[in-house]
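Structure file input.cif (mmCIF, N, CA and C atoms) follows.
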data_my_file
#
loop_
_atom_site.label_atom_id
_atom_site.label_comp_id
_atom_site.auth_asym_id
_atom_site.auth_seq_id
_atom_site.Cartn_x
_atom_site.Cartn_y
_atom_site.Cartn_z
N MET A 1 195.91 62.48 108.96
CA MET A 1 195.67 63.82 109.45
C MET A 1 195.71 63.80 110.97
N THR A 2 196.33 64.76 111.58
CA THR A 2 196.39 64.82 113.04
C THR A 2 195.16 65.55 113.58
N LEU A 3 194.91 65.35 114.86
CA LEU A 3 193.80 66.07 115.50
C LEU A 3 194.04 67.58 115.45
N SER A 4 195.29 67.99 115.46
CA SER A 4 195.61 69.41 115.33
C SER A 4 195.15 69.94 113.97
N GLU A 5 195.36 69.15 112.93
CA GLU A 5 194.90 69.55 111.60
C GLU A 5 193.38 69.54 111.51
N VAL A 6 192.75 68.58 112.17
CA VAL A 6 191.28 68.53 112.23
C VAL A 6 190.77 69.79 112.91
N ARG A 7 191.39 70.15 114.02
CA ARG A 7 190.99 71.37 114.74
C ARG A 7 191.03 72.58 113.83
N ASP A 8 192.13 72.74 113.09
CA ASP A 8 192.27 73.90 112.21
C ASP A 8 191.26 73.87 111.07
N LEU A 9 191.07 72.70 110.47
CA LEU A 9 190.17 72.54 109.34
C LEU A 9 188.72 72.85 109.71
N LEU A 10 188.33 72.44 110.91
CA LEU A 10 186.95 72.62 111.36
C LEU A 10 186.74 73.88 112.20
N GLU A 11 187.81 74.69 112.30
CA GLU A 11 187.72 75.92 113.10
C GLU A 11 187.21 75.59 114.50
N ALA A 12 187.75 74.52 115.06
CA ALA A 12 187.25 73.97 116.31
C ALA A 12 188.09 74.41 117.51
N ASP A 13 187.48 74.32 118.66
CA ASP A 13 188.17 74.49 119.94
C ASP A 13 188.45 73.11 120.50
N VAL A 14 189.61 72.93 121.08
CA VAL A 14 189.92 71.69 121.77
C VAL A 14 189.48 71.87 123.21
N VAL A 15 188.48 71.12 123.61
CA VAL A 15 187.90 71.27 124.95
C VAL A 15 188.56 70.30 125.92
N ILE A 16 188.81 69.08 125.48
CA ILE A 16 189.47 68.04 126.28
C ILE A 16 190.52 67.39 125.37
N GLY A 17 191.67 67.06 125.91
CA GLY A 17 192.65 66.26 125.17
C GLY A 17 193.65 67.04 124.35
N GLY A 18 193.95 68.25 124.75
CA GLY A 18 194.94 69.05 124.03
C GLY A 18 196.30 68.38 123.91
N GLU A 19 196.59 67.47 124.83
CA GLU A 19 197.87 66.76 124.80
C GLU A 19 197.90 65.67 123.72
N LYS A 20 196.76 65.40 123.09
CA LYS A 20 196.68 64.35 122.07
C LYS A 20 196.55 64.90 120.65
N LEU A 21 196.88 66.16 120.44
CA LEU A 21 196.68 66.78 119.14
C LEU A 21 197.57 66.19 118.05
N ASP A 22 198.61 65.46 118.41
CA ASP A 22 199.45 64.84 117.39
C ASP A 22 198.94 63.46 116.98
N GLN A 23 197.85 63.00 117.57
CA GLN A 23 197.25 61.71 117.23
C GLN A 23 196.72 61.73 115.80
N GLU A 24 196.99 60.67 115.03
CA GLU A 24 196.55 60.55 113.64
C GLU A 24 195.15 59.95 113.54
N VAL A 25 194.36 60.46 112.60
CA VAL A 25 193.07 59.86 112.24
C VAL A 25 193.01 59.76 110.72
N HIS A 26 192.42 58.66 110.23
CA HIS A 26 192.32 58.44 108.79
C HIS A 26 190.89 58.24 108.33
N THR A 27 190.00 57.92 109.28
CA THR A 27 188.60 57.69 108.96
C THR A 27 187.71 58.46 109.92
N ALA A 28 186.46 58.67 109.50
CA ALA A 28 185.51 59.38 110.36
C ALA A 28 184.12 58.81 110.14
N PHE A 29 183.27 59.08 111.12
CA PHE A 29 181.87 58.67 111.04
C PHE A 29 181.03 59.78 111.64
N GLY A 30 180.01 60.21 110.91
CA GLY A 30 179.13 61.27 111.39
C GLY A 30 177.73 60.74 111.66
N ALA A 31 177.25 60.91 112.88
CA ALA A 31 175.90 60.45 113.23
C ALA A 31 175.49 61.01 114.58
N ASP A 32 174.18 61.10 114.75
CA ASP A 32 173.62 61.43 116.06
C ASP A 32 172.98 60.20 116.70
N LEU A 33 172.81 59.14 115.93
CA LEU A 33 172.28 57.88 116.47
C LEU A 33 173.44 56.99 116.89
N MET A 34 173.58 56.77 118.18
CA MET A 34 174.70 55.97 118.65
C MET A 34 174.57 54.50 118.23
N SER A 35 173.35 54.06 117.91
CA SER A 35 173.21 52.70 117.38
C SER A 35 173.89 52.58 116.02
N ASP A 36 173.83 53.63 115.21
CA ASP A 36 174.55 53.64 113.93
C ASP A 36 176.05 53.65 114.16
N VAL A 37 176.50 54.41 115.13
CA VAL A 37 177.93 54.45 115.45
C VAL A 37 178.39 53.06 115.86
N LEU A 38 177.64 52.41 116.72
CA LEU A 38 178.00 51.05 117.16
C LEU A 38 178.04 50.07 115.98
N ALA A 39 177.16 50.25 115.02
CA ALA A 39 177.08 49.33 113.89
C ALA A 39 178.17 49.55 112.85
N PHE A 40 178.60 50.80 112.65
CA PHE A 40 179.47 51.10 111.52
C PHE A 40 180.83 51.70 111.85
N ALA A 41 180.95 52.40 112.96
CA ALA A 41 182.21 53.09 113.26
C ALA A 41 183.30 52.09 113.61
N ARG A 42 184.51 52.49 113.36
CA ARG A 42 185.67 51.63 113.60
C ARG A 42 186.60 52.25 114.64
N SER A 43 187.36 51.41 115.27
CA SER A 43 188.37 51.85 116.24
C SER A 43 189.30 52.85 115.56
N GLY A 44 189.62 53.91 116.28
CA GLY A 44 190.57 54.90 115.79
C GLY A 44 189.97 55.97 114.90
N CYS A 45 188.67 55.88 114.62
CA CYS A 45 188.07 56.90 113.76
C CYS A 45 187.70 58.15 114.55
N LEU A 46 187.33 59.17 113.84
CA LEU A 46 186.86 60.42 114.40
C LEU A 46 185.33 60.38 114.37
N LEU A 47 184.69 60.66 115.49
CA LEU A 47 183.23 60.69 115.56
C LEU A 47 182.76 62.14 115.49
N ILE A 48 181.93 62.44 114.47
CA ILE A 48 181.35 63.77 114.33
C ILE A 48 179.88 63.64 114.70
N THR A 49 179.46 64.38 115.72
CA THR A 49 178.09 64.27 116.22
C THR A 49 177.65 65.57 116.88
N GLY A 50 176.36 65.74 116.95
CA GLY A 50 175.79 66.84 117.71
C GLY A 50 175.28 66.37 119.06
N LEU A 51 175.49 65.11 119.36
CA LEU A 51 175.00 64.51 120.60
C LEU A 51 176.08 64.63 121.68
N ALA A 52 175.95 65.64 122.49
CA ALA A 52 176.95 65.91 123.53
C ALA A 52 176.44 65.42 124.88
N ASN A 53 176.33 64.09 125.02
CA ASN A 53 175.87 63.53 126.28
C ASN A 53 176.70 62.31 126.65
N LEU A 54 176.37 61.71 127.78
CA LEU A 54 177.14 60.56 128.26
C LEU A 54 177.07 59.37 127.30
N GLN A 55 175.95 59.21 126.59
CA GLN A 55 175.82 58.10 125.66
C GLN A 55 176.88 58.17 124.56
N SER A 56 177.13 59.35 124.03
CA SER A 56 178.11 59.47 122.95
C SER A 56 179.53 59.22 123.46
N VAL A 57 179.85 59.71 124.64
CA VAL A 57 181.21 59.50 125.15
C VAL A 57 181.42 58.04 125.55
N ARG A 58 180.43 57.41 126.08
CA ARG A 58 180.55 55.98 126.44
C ARG A 58 180.63 55.10 125.19
N THR A 59 179.88 55.45 124.16
CA THR A 59 179.97 54.73 122.89
C THR A 59 181.37 54.89 122.29
N ALA A 60 181.89 56.09 122.32
CA ALA A 60 183.24 56.35 121.80
C ALA A 60 184.28 55.54 122.57
N TYR A 61 184.11 55.45 123.86
CA TYR A 61 185.04 54.67 124.68
C TYR A 61 184.96 53.17 124.35
N ALA A 62 183.75 52.67 124.19
CA ALA A 62 183.56 51.25 123.90
C ALA A 62 184.18 50.86 122.57
N LEU A 63 184.18 51.78 121.60
CA LEU A 63 184.71 51.49 120.27
C LEU A 63 186.16 51.97 120.08
N ASP A 64 186.76 52.54 121.10
CA ASP A 64 188.11 53.08 121.01
C ASP A 64 188.22 54.13 119.90
N ILE A 65 187.26 55.04 119.90
CA ILE A 65 187.21 56.15 118.94
C ILE A 65 188.33 57.13 119.30
N ALA A 66 189.00 57.68 118.29
CA ALA A 66 190.14 58.58 118.52
C ALA A 66 189.74 59.88 119.20
N ALA A 67 188.62 60.46 118.77
CA ALA A 67 188.17 61.74 119.31
C ALA A 67 186.73 61.98 118.89
N ILE A 68 186.07 62.85 119.61
CA ILE A 68 184.71 63.26 119.28
C ILE A 68 184.73 64.72 118.87
N VAL A 69 184.11 65.02 117.73
CA VAL A 69 183.90 66.40 117.30
C VAL A 69 182.43 66.70 117.52
N ILE A 70 182.15 67.64 118.40
CA ILE A 70 180.78 68.08 118.65
C ILE A 70 180.51 69.23 117.68
N CYS A 71 179.52 69.02 116.81
CA CYS A 71 179.22 70.03 115.80
C CYS A 71 177.96 70.83 116.18
N ARG A 72 177.66 71.77 115.35
CA ARG A 72 176.48 72.64 115.50
C ARG A 72 176.55 73.53 116.75
N GLY A 73 177.74 73.69 117.31
CA GLY A 73 177.89 74.58 118.46
C GLY A 73 177.10 74.17 119.68
N LYS A 74 176.84 72.88 119.80
CA LYS A 74 176.04 72.37 120.93
C LYS A 74 176.68 72.68 122.28
N ALA A 75 175.84 72.91 123.27
CA ALA A 75 176.31 73.14 124.64
C ALA A 75 176.90 71.85 125.18
N LEU A 76 177.93 71.97 125.99
CA LEU A 76 178.63 70.81 126.55
C LEU A 76 178.37 70.74 128.06
N ALA A 77 177.69 69.70 128.47
CA ALA A 77 177.38 69.51 129.89
C ALA A 77 178.64 69.13 130.66
N ASP A 78 178.71 69.55 131.90
CA ASP A 78 179.85 69.23 132.75
C ASP A 78 180.06 67.73 132.88
N SER A 79 178.98 66.97 133.02
CA SER A 79 179.10 65.51 133.18
C SER A 79 179.71 64.88 131.92
N PHE A 80 179.35 65.39 130.76
CA PHE A 80 179.92 64.92 129.49
C PHE A 80 181.42 65.17 129.46
N LEU A 81 181.81 66.38 129.80
CA LEU A 81 183.23 66.75 129.77
C LEU A 81 184.05 65.98 130.83
N GLU A 82 183.48 65.83 132.02
CA GLU A 82 184.18 65.10 133.07
C GLU A 82 184.41 63.65 132.69
N THR A 83 183.40 63.03 132.09
CA THR A 83 183.52 61.63 131.69
C THR A 83 184.53 61.48 130.55
N ALA A 84 184.49 62.38 129.58
CA ALA A 84 185.45 62.33 128.47
C ALA A 84 186.88 62.49 128.98
N LYS A 85 187.06 63.39 129.92
CA LYS A 85 188.40 63.59 130.48
C LYS A 85 188.85 62.34 131.24
N GLU A 86 187.95 61.78 132.04
CA GLU A 86 188.25 60.57 132.81
C GLU A 86 188.61 59.39 131.90
N LEU A 87 187.93 59.28 130.76
CA LEU A 87 188.15 58.17 129.83
C LEU A 87 189.24 58.47 128.80
N GLY A 88 189.76 59.68 128.80
CA GLY A 88 190.86 60.03 127.89
C GLY A 88 190.43 60.23 126.45
N ILE A 89 189.21 60.70 126.23
CA ILE A 89 188.71 60.91 124.88
C ILE A 89 188.76 62.40 124.55
N PRO A 90 189.56 62.79 123.56
CA PRO A 90 189.61 64.20 123.17
C PRO A 90 188.25 64.69 122.64
N ILE A 91 187.91 65.91 122.99
CA ILE A 91 186.67 66.53 122.54
C ILE A 91 187.02 67.82 121.81
N LEU A 92 186.58 67.91 120.56
CA LEU A 92 186.71 69.13 119.79
C LEU A 92 185.31 69.69 119.59
N TRP A 93 185.18 71.00 119.58
CA TRP A 93 183.88 71.66 119.49
C TRP A 93 183.91 72.62 118.31
N THR A 94 182.94 72.51 117.41
CA THR A 94 182.89 73.40 116.25
C THR A 94 181.48 73.97 116.07
N PRO A 95 181.39 75.21 115.61
CA PRO A 95 180.08 75.78 115.31
C PRO A 95 179.54 75.28 113.96
N LEU A 96 180.36 74.61 113.16
CA LEU A 96 179.93 74.12 111.85
C LEU A 96 178.87 73.04 112.00
N ILE A 97 177.99 72.94 111.01
CA ILE A 97 177.01 71.86 111.01
C ILE A 97 177.71 70.56 110.62
N MET A 98 177.05 69.43 110.88
CA MET A 98 177.65 68.13 110.60
C MET A 98 177.99 67.98 109.12
N PHE A 99 177.11 68.41 108.24
CA PHE A 99 177.32 68.29 106.80
C PHE A 99 178.62 68.98 106.39
N GLU A 100 178.81 70.20 106.82
CA GLU A 100 180.02 70.93 106.44
C GLU A 100 181.26 70.34 107.10
N SER A 101 181.15 69.91 108.34
CA SER A 101 182.28 69.28 109.03
C SER A 101 182.73 68.04 108.27
N CYS A 102 181.79 67.18 107.92
CA CYS A 102 182.11 65.95 107.18
C CYS A 102 182.67 66.28 105.81
N GLY A 103 182.08 67.25 105.15
CA GLY A 103 182.54 67.64 103.81
C GLY A 103 183.97 68.14 103.82
N ARG A 104 184.30 68.97 104.77
CA ARG A 104 185.67 69.49 104.87
C ARG A 104 186.66 68.36 105.13
N LEU A 105 186.30 67.45 106.02
CA LEU A 105 187.18 66.33 106.33
C LEU A 105 187.36 65.41 105.11
N TYR A 106 186.28 65.14 104.40
CA TYR A 106 186.34 64.29 103.22
C TYR A 106 187.22 64.94 102.15
N GLN A 107 187.04 66.21 101.95
CA GLN A 107 187.82 66.94 100.95
C GLN A 107 189.31 66.93 101.30
N ALA A 108 189.62 66.85 102.58
CA ALA A 108 191.01 66.83 103.04
C ALA A 108 191.60 65.42 103.05
N GLY A 109 190.81 64.41 102.65
CA GLY A 109 191.35 63.07 102.54
C GLY A 109 190.89 62.06 103.58
N ILE A 110 190.06 62.46 104.52
CA ILE A 110 189.52 61.53 105.51
C ILE A 110 188.43 60.70 104.83
N THR A 111 188.46 59.39 105.01
CA THR A 111 187.43 58.54 104.43
C THR A 111 186.43 58.13 105.49
N GLY A 112 185.25 57.74 105.05
CA GLY A 112 184.20 57.33 105.97
C GLY A 112 184.30 55.87 106.34
N CYS A 113 183.87 55.54 107.53
CA CYS A 113 183.90 54.15 107.99
C CYS A 113 182.99 53.26 107.18
N VAL A 114 181.83 53.74 106.75
CA VAL A 114 180.91 52.93 105.97
C VAL A 114 181.56 52.58 104.64
N ARG A 115 182.22 53.55 104.04
CA ARG A 115 182.91 53.29 102.77
C ARG A 115 183.96 52.22 102.97
N GLU A 116 184.67 52.27 104.07
CA GLU A 116 185.69 51.27 104.37
C GLU A 116 185.07 49.88 104.46
N ILE A 117 183.92 49.77 105.06
CA ILE A 117 183.23 48.49 105.19
C ILE A 117 182.82 47.98 103.81
N LEU A 118 182.28 48.86 102.98
CA LEU A 118 181.85 48.45 101.64
C LEU A 118 183.03 47.98 100.80
N ILE A 119 184.16 48.65 100.91
CA ILE A 119 185.35 48.24 100.17
C ILE A 119 185.79 46.86 100.63
N GLU A 120 185.78 46.62 101.94
CA GLU A 120 186.17 45.30 102.47
C GLU A 120 185.22 44.22 101.95
N GLU A 121 183.92 44.51 101.91
CA GLU A 121 182.94 43.53 101.43
C GLU A 121 183.15 43.22 99.96
N LYS A 122 183.44 44.23 99.14
CA LYS A 122 183.70 44.01 97.71
C LYS A 122 184.97 43.18 97.52
N THR A 123 185.99 43.45 98.33
CA THR A 123 187.24 42.70 98.24
C THR A 123 187.00 41.24 98.60
N ARG A 124 186.26 40.98 99.65
CA ARG A 124 185.95 39.60 100.06
C ARG A 124 185.15 38.87 98.99
N ALA A 125 184.25 39.58 98.34
CA ALA A 125 183.41 38.97 97.30
C ALA A 125 184.24 38.52 96.10
N LYS A 126 185.33 39.20 95.82
CA LYS A 126 186.20 38.85 94.69
C LYS A 126 187.09 37.65 94.98
N ILE A 127 187.34 37.37 96.26
CA ILE A 127 188.25 36.29 96.64
C ILE A 127 187.61 34.94 96.51
#

Could you show the structure in this file as structure tokens?
Amino acid sequence: MTLSEVRDLLEADVVIGGEKLDQEVHTAFGADLMSDVLAFARSGCLLITGLANLQSVRTAYALDIAAIVICRGKALADSFLETAKELGIPILWTPLIMFESCGRLYQAGITGCVREILIEEKTRAKI
């Protein structure tokens, strides 16, 4: 699924990174605790969060996250947006709650990063 399709599905506004709307994403992770994101999220995934601060954008950069979707219509601080632009991380903004955002993405075929980890662990256990 492209970021353009994510935008349409989540009725989102593209705040930063409109030039990257053709970028593909196949997995997503939803959390407000960046420690959980660091533990479970994978490179190239979509991060769905209500945490619109420097911690979330720096975490996304450290993990090479494809884009951040800010849910619940949270206000976006200038420092957050400036840092995301500087680091090249697309920001999408939706009024939808995290539950509905994740549900719509899952229904459209996006899988969760935790599920991906569990599948890998089961595969390793069989070998």

Would you return as number ranges by chain the members of chain A that DSSP assigns to helix (DSSP H, G or I) on this structure's backbone?
A: 3-9, 18-20, 34-40, 54-63, 78-87, 98-107, 113-126

Each stretch 44-79 of chain A residue no farther than 6 Å from stretch 17-40 of chain A, nearest pair in Å, only N, CA and C atoms, as JSON lines:
{"residue": "A:Gly44", "atom": "C", "partner": "A:Val25", "partner_atom": "CA", "distance": 5.6}
{"residue": "A:Cys45", "atom": "CA", "partner": "A:Thr27", "partner_atom": "C", "distance": 4.2}
{"residue": "A:Leu46", "atom": "N", "partner": "A:Ala28", "partner_atom": "CA", "distance": 3.9}
{"residue": "A:Leu47", "atom": "CA", "partner": "A:Phe29", "partner_atom": "C", "distance": 4.6}
{"residue": "A:Ile48", "atom": "N", "partner": "A:Phe29", "partner_atom": "C", "distance": 4.0}
{"residue": "A:Thr49", "atom": "CA", "partner": "A:Ala31", "partner_atom": "C", "distance": 4.5}
{"residue": "A:Gly50", "atom": "N", "partner": "A:Asp32", "partner_atom": "CA", "distance": 5.2}
{"residue": "A:Leu51", "atom": "N", "partner": "A:Asp32", "partner_atom": "CA", "distance": 5.3}

So how far away is atom CA of A:Cys113 from atom CA of A:Asp64, in Å?
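Answer for the atom CA of A:Asp64 to atom CA of A:Cys113 separation: 13.7 Å.
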
Of the candidates A:Ile65, A:Leu92, A:Ile110, A:Met98, which shows the shortest atom-to-atom distance to A:Val14, using only C-alpha atoms?
A:Leu92

List every residue of stretch 77-114 of chain A that DSSP, applied to the backbone of this structure, assigns to strand (DSSP E or B), and report them as a PyMOL selection string.
chain A and resi 91-93+111-112

One decimal, Å: what's the distance from atom CA of A:Val57 over to atom CA of A:Ala41, could you say?
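Atom CA of A:Ala41 lies at a distance of 13.5 Å from atom CA of A:Val57.
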
Distance criterion (all atoms listed in the file): nearest to A:Pro90 out of A:Leu3, A:Ile70, A:Ile16, A:Ala108:
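The closest residue to A:Pro90 is A:Ile16.
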
Selected residue of minimal separation from A:Lys74 among A:Ala60, A:Ile97, A:Cys102, A:Leu10, counting only C-alpha atoms
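Of A:Ala60, A:Ile97, A:Cys102, A:Leu10, the one nearest A:Lys74, counting only C-alpha atoms, is A:Ile97.
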
For A:Phe80, which residue among A:Met1, A:Leu54, A:Val6, A:Leu96 is the nearest when counting only N, CA and C atoms?
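For A:Phe80, the nearest of the candidates is A:Leu54.
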
Using only C-alpha atoms, list the residues that have an atom at most 10 Å from (182.9, 75.7, 112.6), coordinates as in the file, as a tab-separated table (two decimals) with N, CA and C atoms, keeping the file's coordinate frame.
chain	number	residue	atom	x	y	z
A	7	ARG	N	191.39	70.15	114.02
A	7	ARG	CA	190.99	71.37	114.74
A	7	ARG	C	191.03	72.58	113.83
A	8	ASP	N	192.13	72.74	113.09
A	8	ASP	CA	192.27	73.90	112.21
A	8	ASP	C	191.26	73.87	111.07
A	9	LEU	N	191.07	72.70	110.47
A	9	LEU	CA	190.17	72.54	109.34
A	9	LEU	C	188.72	72.85	109.71
A	10	LEU	N	188.33	72.44	110.91
A	10	LEU	CA	186.95	72.62	111.36
A	10	LEU	C	186.74	73.88	112.20
A	11	GLU	N	187.81	74.69	112.30
A	11	GLU	CA	187.72	75.92	113.10
A	11	GLU	C	187.21	75.59	114.50
A	12	ALA	N	187.75	74.52	115.06
A	12	ALA	CA	187.25	73.97	116.31
A	12	ALA	C	188.09	74.41	117.51
A	13	ASP	N	187.48	74.32	118.66
A	13	ASP	CA	188.17	74.49	119.94
A	13	ASP	C	188.45	73.11	120.50
A	70	ILE	N	182.15	67.64	118.40
A	70	ILE	CA	180.78	68.08	118.65
A	70	ILE	C	180.51	69.23	117.68
A	71	CYS	N	179.52	69.02	116.81
A	71	CYS	CA	179.22	70.03	115.80
A	71	CYS	C	177.96	70.83	116.18
A	72	ARG	N	177.66	71.77	115.35
A	72	ARG	CA	176.48	72.64	115.50
A	72	ARG	C	176.55	73.53	116.75
A	73	GLY	N	177.74	73.69	117.31
A	73	GLY	CA	177.89	74.58	118.46
A	73	GLY	C	177.10	74.17	119.68
A	93	TRP	N	185.18	71.00	119.58
A	93	TRP	CA	183.88	71.66	119.49
A	93	TRP	C	183.91	72.62	118.31
A	94	THR	N	182.94	72.51	117.41
A	94	THR	CA	182.89	73.40	116.25
A	94	THR	C	181.48	73.97	116.07
A	95	PRO	N	181.39	75.21	115.61
A	95	PRO	CA	180.08	75.78	115.31
A	95	PRO	C	179.54	75.28	113.96
A	96	LEU	N	180.36	74.61	113.16
A	96	LEU	CA	179.93	74.12	111.85
A	96	LEU	C	178.87	73.04	112.00
A	97	ILE	N	177.99	72.94	111.01
A	97	ILE	CA	177.01	71.86	111.01
A	97	ILE	C	177.71	70.56	110.62
A	98	MET	N	177.05	69.43	110.88
A	98	MET	CA	177.65	68.13	110.60
A	98	MET	C	177.99	67.98	109.12
A	100	GLU	N	178.81	70.20	106.82
A	100	GLU	CA	180.02	70.93	106.44
A	100	GLU	C	181.26	70.34	107.10
A	101	SER	N	181.15	69.91	108.34
A	101	SER	CA	182.28	69.28	109.03
A	101	SER	C	182.73	68.04	108.27

Determine the nearest neighbour of A:Ala66 from the options A:Glu86, A:Gly112, A:Leu81, A:Ser43, counting all atoms listed in the file.
A:Ser43

Report, in Å with one decimal, the straight-line distance from atom C of A:Leu76 to atom C of A:Tyr106.
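Atom-to-atom, atom C of A:Leu76 to atom C of A:Tyr106, that is 28.0 Å.
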
Each side padded by 4 Å, which centre and which edge lengths in Å (one decimal) define the axis-aligned box around the listed atoms of stretch 104-115 of chain A? Give them as AutoDock Vina command-line options.
--center_x 186.3 --center_y 60.9 --center_z 104.5 --size_x 18.7 --size_y 25.3 --size_z 15.0
